[in-house]
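Student: This is the structure, below, for whatever I ask next.
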Amino acid sequence: MPVLHTPSSWLGTYCPSLGGQFAFLDPVSWQTHQLNADAYSVLEEAAFAIEQQQLDAFLADVEAAGGWPPGLEFLVRSLTTLGEEQTYTT
Amino acid sequence: MSSPATACRVLDVGAARLAVISPIASFHAQLDAVYPYMDVIADEGFADVRVSLLPETRVLPGRRQARLWSEGDCPFEPYPLNAALPLFEWGSNWLLSQRLNAYLLLHAGVLARDGQALILPAAPGSGKTTLSCALHLAGWRFLSDEFGVVDIERREVLPMVRPAPLKNASIEVMRARAGARLGPLFPGTRKGDVAHFIPNRQSFQARHERATPRLVVFPRFTPGAALSCVSLNPMQAVLGLGQNSFNYQALGTAGFETAIALARTTRAYRLTYGDLDEAIAQIEHLFVSTA
């Protein structure tokens with residue numbers, strides 16, 4: 001039975017902790033990225049914002065806080081595809 | 001029964017079956033030399049890779065060549081007619097790397113002891129083939145020098161027992177080792193001089209016996225280098241496995257989950273060495289210590 005993923009469920013399934021780091025599987029490129037705990041927290045907040053349809057406000061907060069940490073904006077954009085299109089895995 | 005020169009020969013190498021047809025008599029003799037323990041299989045239909053090795057129709061004086069055909073296409077440049085075996089081995093390996101997507105395919109040597117697997121993922125030129133052959137001569141079962149074939153559900157490694165192409169200086173290094181059996185020498189191929197190391201009968205016969213991953217070592221041969229062995233954390237192992245895979249991204253979530261599982265259930269190290277025997281001793285130590 002296919003599984004429908006939200007951004008949060010994707011993070012829960014495809015961003016496991018490995019010895020204090022997190023391995024994030026990008027649902028668009030299928031590349032794997034190494035994240036520290038802070039970066040993981042940003043993705044968690046972004047995922048919640050996407051699901052609450054508050055991504056614009058989240059992006060404004062990021063901008064006000066000085067911009068994106070290196071490389072993270074790209075990964076958040078990938079998470080938005082889970083909000084816009086239903087992504088299935090088996 | 002048809003003659004070898006016209007028959008379709010099927011090689012069961014464990015995780016895959018290869019079918020090849022060729023009228024080139026010298027190729028069949030070379031194939032017999034490097035697959036001495038392979039049963040003769042009548043063509044029973046299925047093969048993962050099916051190729052034809054045919055003489056070039058346009059013959060230049062002194063330059064008779066062979067082409068490898070696969071599904072109506074010639075994916076590689078021709079080789080000299082008398083070097084059809086390296087063309088078949090490399091060409092069919094490349095085709096396998098494009099097709100076996102039911103497995104996570106690592107670019108790795110794999111050996112085993114007591115059903116437990118040692119995986120040696122490495123980029124080309126790292127000394128992976130030479131190290132795999134040397135470990136085999138030191139008593140390890142040979143599963144592959146090229147493919148770490150990982151079952152994405154059971155997380156076991158399947159053998160792909162084929163002759164290992166030694167190149168240039170590695171040929172004499174291995175020939176000097178007790179018990180080494182090599183096929184014919186092919187001088188001056190595009191990859192240099194090549195001779196195939198032949199795994200022993202027991203490894204061929206065990207080509208359907210899987211092994212459970214236990215130790216992952218990323219080897220790097222550097223001439224003159226002192227032995228250096230660095231423990232890798234699971235994250236480094238995942239990234240290393242992904243980088244040394246033929247189809248990690250193509251498998252998407254399945255490749256990711258398999259790499260994560262491998263990293264969590266094995267110990268991983270990066271090994272730099274300049275002396276083959278020191279590397280073997282270190283790997284033996286690591287394997288025992290991870291029991």
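A note on labels: chains of the structure tokens are A, B, ... as shown, every chain counts residues from 1, and ligands are counted from 1 in their shown order.
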Which residues are near Trp69 (chain B)? Cut-off 8 Å, only C-alpha atoms, ignore same chain within fewer than 5 positions. Put them as a PDB file with C-alpha atoms, in the first residue's frame.
Tutor:
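Result saved to around06.pdb:
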```pdb
ATOM      1  CA  VAL B  51      25.612  -9.869 -25.617  1.00  0.00           C
ATOM      2  CA  SER B  52      27.219 -10.857 -28.878  1.00  0.00           C
ATOM      3  CA  LEU B  53      30.917 -10.577 -29.578  1.00  0.00           C
ATOM      4  CA  LEU B  54      31.348 -10.294 -33.300  1.00  0.00           C
ATOM      5  CA  CYS B  74      27.429  -1.202 -29.673  1.00  0.00           C
ATOM      6  CA  PRO B  75      28.024   0.695 -26.456  1.00  0.00           C
TER       7      PRO B  75
END
```
Student: Using only C-alpha atoms, determine which residues of chain B fall within 9 Å of chain A; present them as a ChimeraX atom specification.
Tutor: /B:233-236,238-239,242,248-253,256-257,260,263-264
Student: Please run DSSP on the backbone and report, as an NGL selection string, all residues within chain A that come out as helix (DSSP H, G or I).
Tutor: :A and (7-14 or 37-51 or 55-64 or 72-84)
Student: Closest to Gly12 (chain A) among A:Glu63, A:Leu79, A:Glu44, A:Pro69, using only C-alpha atoms?
Tutor: A:Glu44
Student: Apply DSSP to the structure's backbone, then extract all residues of chain A labelled strand (DSSP E) and return them as a ChimeraX atom specification.
Tutor: /A:3-5,17-18,21-25,32-35,87-89
Student: Would you kindly return, as a PyMOL selection string, each protein, DNA or RNA residue with an atom no farther than 9 Å from any atom of Val76 (chain A), considering only C-alpha atoms and excluding same-chain residues fewer than 3 positions away?
Tutor: chain A and resi 42-43+46-47+72-73+79-80
Student: Grab the residues selected above and save them as an mmCIF file, in the first residue's frame with C-alpha atoms.
Tutor:
```cif
data_model
loop_
_atom_site.group_PDB
_atom_site.id
_atom_site.type_symbol
_atom_site.label_atom_id
_atom_site.label_comp_id
_atom_site.auth_asym_id
_atom_site.auth_seq_id
_atom_site.Cartn_x
_atom_site.Cartn_y
_atom_site.Cartn_z
ATOM 1 C CA VAL A 42 15.268 24.403 10.858
ATOM 2 C CA LEU A 43 13.920 21.696 8.544
ATOM 3 C CA ALA A 46 9.982 24.548 7.818
ATOM 4 C CA ALA A 47 8.055 21.295 7.494
ATOM 5 C CA LEU A 72 19.357 24.617 3.728
ATOM 6 C CA GLU A 73 17.082 26.688 1.506
ATOM 7 C CA LEU A 79 10.201 19.619 1.203
ATOM 8 C CA THR A 80 7.666 21.999 -0.302
#
```
Student: Looking at only C-alpha atoms, which of B:Ser170, B:Thr189, B:Ser26, B:Gln205 is the one that sits closest to Tyr79 (chain B)?
Tutor: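 Looking only at the distances to Tyr79 (chain B), the closest residue turns out to be B:Thr189.
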